[in-house]
$ cat run_28.pdb   # PDB, C-alpha atoms
ATOM      1  CA  MET A 887       0.000   0.000   0.000  1.00  0.00           C
ATOM      2  CA  LYS A 888       1.370   3.346  -1.043  1.00  0.00           C
ATOM      3  CA  ILE A 889       1.143   6.187   1.462  1.00  0.00           C
ATOM      4  CA  ASN A 890       0.704   9.615  -0.084  1.00  0.00           C
ATOM      5  CA  VAL A 891       2.298  12.327   2.075  1.00  0.00           C
ATOM      6  CA  TRP A 892      -0.158  14.966   0.836  1.00  0.00           C
ATOM      7  CA  ALA A 893      -3.139  12.763   1.731  1.00  0.00           C
ATOM      8  CA  MET A 894      -1.724  12.088   5.193  1.00  0.00           C
ATOM      9  CA  GLY A 895      -1.282  15.847   5.787  1.00  0.00           C
ATOM     10  CA  LEU A 896      -4.827  16.486   4.652  1.00  0.00           C
ATOM     11  CA  ALA A 897      -6.099  13.719   6.920  1.00  0.00           C
ATOM     12  CA  ALA A 898      -4.264  15.244   9.894  1.00  0.00           C
ATOM     13  CA  ALA A 899      -5.773  18.660   9.163  1.00  0.00           C
ATOM     14  CA  VAL A 900      -9.266  17.207   8.862  1.00  0.00           C
ATOM     15  CA  LEU A 901      -8.872  15.316  12.129  1.00  0.00           C
ATOM     16  CA  ALA A 902      -7.759  18.502  13.866  1.00  0.00           C
ATOM     17  CA  MET A 903     -10.845  20.341  12.573  1.00  0.00           C
ATOM     18  CA  ALA A 904     -13.172  17.418  13.310  1.00  0.00           C
ATOM     19  CA  GLY A 905     -12.221  17.569  16.985  1.00  0.00           C
ATOM     20  CA  ALA A 906     -13.547  21.121  17.218  1.00  0.00           C
ATOM     21  CA  GLN A 907     -17.327  20.949  17.239  1.00  0.00           C
ATOM     22  CA  GLY A 908     -19.201  24.180  16.665  1.00  0.00           C
ATOM     23  CA  ARG A 909     -22.364  24.843  18.664  1.00  0.00           C
ATOM     24  CA  ALA A 910     -24.793  27.727  18.687  1.00  0.00           C
ATOM     25  CA  GLN A 911     -27.357  27.883  21.467  1.00  0.00           C
ATOM     26  CA  ASP A 912     -30.151  30.322  22.195  1.00  0.00           C
ATOM     27  CA  ASP A 913     -31.322  30.310  25.825  1.00  0.00           C
ATOM     28  CA  ASP A 914     -34.782  31.712  25.004  1.00  0.00           C
ATOM     29  CA  ASN A 915     -35.709  28.989  22.496  1.00  0.00           C
ATOM     30  CA  ASP A 916     -33.588  26.141  23.884  1.00  0.00           C
ATOM     31  CA  ALA A 917     -32.420  25.449  20.328  1.00  0.00           C
ATOM     32  CA  SER A 918     -29.000  24.123  19.387  1.00  0.00           C
ATOM     33  CA  ALA A 919     -27.022  23.294  16.271  1.00  0.00           C
ATOM     34  CA  SER A 920     -23.882  21.219  15.848  1.00  0.00           C
ATOM     35  CA  VAL A 921     -21.533  20.381  12.995  1.00  0.00           C
ATOM     36  CA  ASP A 922     -19.299  17.319  12.874  1.00  0.00           C
ATOM     37  CA  ALA A 923     -16.872  15.765  10.396  1.00  0.00           C
ATOM     38  CA  THR A 924     -15.593  12.187  10.495  1.00  0.00           C
ATOM     39  CA  LEU A 925     -12.554  10.915   8.604  1.00  0.00           C
ATOM     40  CA  ALA A 926     -12.809   7.223   7.722  1.00  0.00           C
ATOM     41  CA  SER A 927     -10.271   4.969   6.029  1.00  0.00           C
ATOM     42  CA  ALA A 928     -12.831   3.683   3.493  1.00  0.00           C
ATOM     43  CA  TYR A 929     -16.479   4.029   2.495  1.00  0.00           C
ATOM     44  CA  VAL A 930     -18.328   0.781   3.186  1.00  0.00           C
ATOM     45  CA  PHE A 931     -22.034   0.413   2.347  1.00  0.00           C
ATOM     46  CA  ARG A 932     -23.848  -2.730   3.518  1.00  0.00           C
ATOM     47  CA  GLY A 933     -20.592  -4.653   3.787  1.00  0.00           C
ATOM     48  CA  THR A 934     -19.332  -3.672   0.333  1.00  0.00           C
ATOM     49  CA  VAL A 935     -16.290  -1.416   0.029  1.00  0.00           C
ATOM     50  CA  LEU A 936     -17.283   1.330  -2.419  1.00  0.00           C
ATOM     51  CA  ASN A 937     -14.171   3.486  -1.972  1.00  0.00           C
ATOM     52  CA  ASP A 938     -10.946   2.220  -0.385  1.00  0.00           C
ATOM     53  CA  ALA A 939      -9.413   5.719  -0.090  1.00  0.00           C
ATOM     54  CA  PRO A 940      -9.857   7.991   2.951  1.00  0.00           C
ATOM     55  CA  VAL A 941     -13.257   9.713   2.995  1.00  0.00           C
ATOM     56  CA  LEU A 942     -14.670  12.703   4.888  1.00  0.00           C
ATOM     57  CA  GLN A 943     -18.218  12.316   6.214  1.00  0.00           C
ATOM     58  CA  PRO A 944     -19.703  15.638   7.394  1.00  0.00           C
ATOM     59  CA  ALA A 945     -22.882  15.911   9.492  1.00  0.00           C
ATOM     60  CA  MET A 946     -25.083  18.691  10.863  1.00  0.00           C
ATOM     61  CA  THR A 947     -27.719  18.477  13.620  1.00  0.00           C
ATOM     62  CA  ILE A 948     -30.324  21.060  14.647  1.00  0.00           C
ATOM     63  CA  SER A 949     -32.306  20.443  17.856  1.00  0.00           C
ATOM     64  CA  LYS A 950     -35.235  22.217  19.477  1.00  0.00           C
ATOM     65  CA  ALA A 951     -37.832  21.221  22.085  1.00  0.00           C
ATOM     66  CA  GLY A 952     -36.660  17.605  22.219  1.00  0.00           C
ATOM     67  CA  PHE A 953     -36.714  17.089  18.442  1.00  0.00           C
ATOM     68  CA  SER A 954     -33.614  16.810  16.233  1.00  0.00           C
ATOM     69  CA  LEU A 955     -33.003  17.063  12.494  1.00  0.00           C
ATOM     70  CA  ASN A 956     -29.790  15.456  11.262  1.00  0.00           C
ATOM     71  CA  ALA A 957     -28.229  15.635   7.786  1.00  0.00           C
ATOM     72  CA  TRP A 958     -25.083  13.748   6.753  1.00  0.00           C
TER      73      TRP A 958
END
$ encode --input "run_28.pdb" --output "structure tokens"
Amino acid sequence: MKINVWAMGLAAAVLAMAGAQGRAQDDDNDASASVDATLASAYVFRGTVLNDAPVLQPAMTISKAGFSLNAW
């Protein structure tokens, strides 16, 4: 397996950003929003490897009054 130095640097940068999770919260409405990014070594769907290169999987969640909406 060949290791690409540029890809490893990019992966390190993404991991550093993924650790910082942004949140916005309003006390009057009790609403919150969060953003997350996951770096995975491959994209696997139902047990089948669709992409064997590193992949970034972003997600965003908005919550209010006990209900949440998540997009990824």
$ closest_residue --input "run_28.pdb" --among "A:Asp938, A:Asp916, A:Ala928, A:Gly933" --to "A:Gly952" --atoms "only C-alpha atoms"
A:Asp916
$ resolve_selection --input "run_28.pdb" --expression "the PyMOL selection byres ((chain A and resi 957) around 8)" --output "list in words"
Ala945, Met946, Thr947, Leu955, Asn956 and Trp958 of chain A
$ closest_residue --input "run_28.pdb" --among "A:Phe953, A:Ala917, A:Asp922, A:Tyr929" --to "A:Val941" --atoms "all atoms listed in the file"
A:Tyr929
$ atom_distance --input "run_28.pdb" --atom1 "atom CA of A:Ala951" --atom2 "atom CA of A:Ser918"
9.7 Å
$ axis_aligned_box --input "run_28.pdb" --around "stretch 934-940 of chain A" --padding-each-side "4 Å" --output "AutoDock Vina command-line options"
--center_x -14.4 --center_y 2.2 --center_z 0.3 --size_x 17.9 --size_y 19.7 --size_z 13.4
$ atom_distance --input "run_28.pdb" --atom1 "atom CA of A:Thr924" --atom2 "atom CA of A:Ala939"
13.9 Å
$ residues_around --input "run_28.pdb" --residues "A:Pro940" --least-positions-apart "3" --cutoff "8 Å" --atoms "all atoms listed in the file" --output "list in words"
Ala897, Leu925, Ala926, Ser927, Ala928, Tyr929 and Asn937 of chain A
$ write_last_selection --input "run_28.pdb" --atoms "C-alpha atoms" --output "compact mmCIF listing (two decimals), keeping the file's coordinate frame"
# COMPACT_ATOMS: atom_id res chain seq x y z
CA ALA A 897 -6.10 13.72 6.92
CA LEU A 925 -12.55 10.92 8.60
CA ALA A 926 -12.81 7.22 7.72
CA SER A 927 -10.27 4.97 6.03
CA ALA A 928 -12.83 3.68 3.49
CA TYR A 929 -16.48 4.03 2.50
CA ASN A 937 -14.17 3.49 -1.97
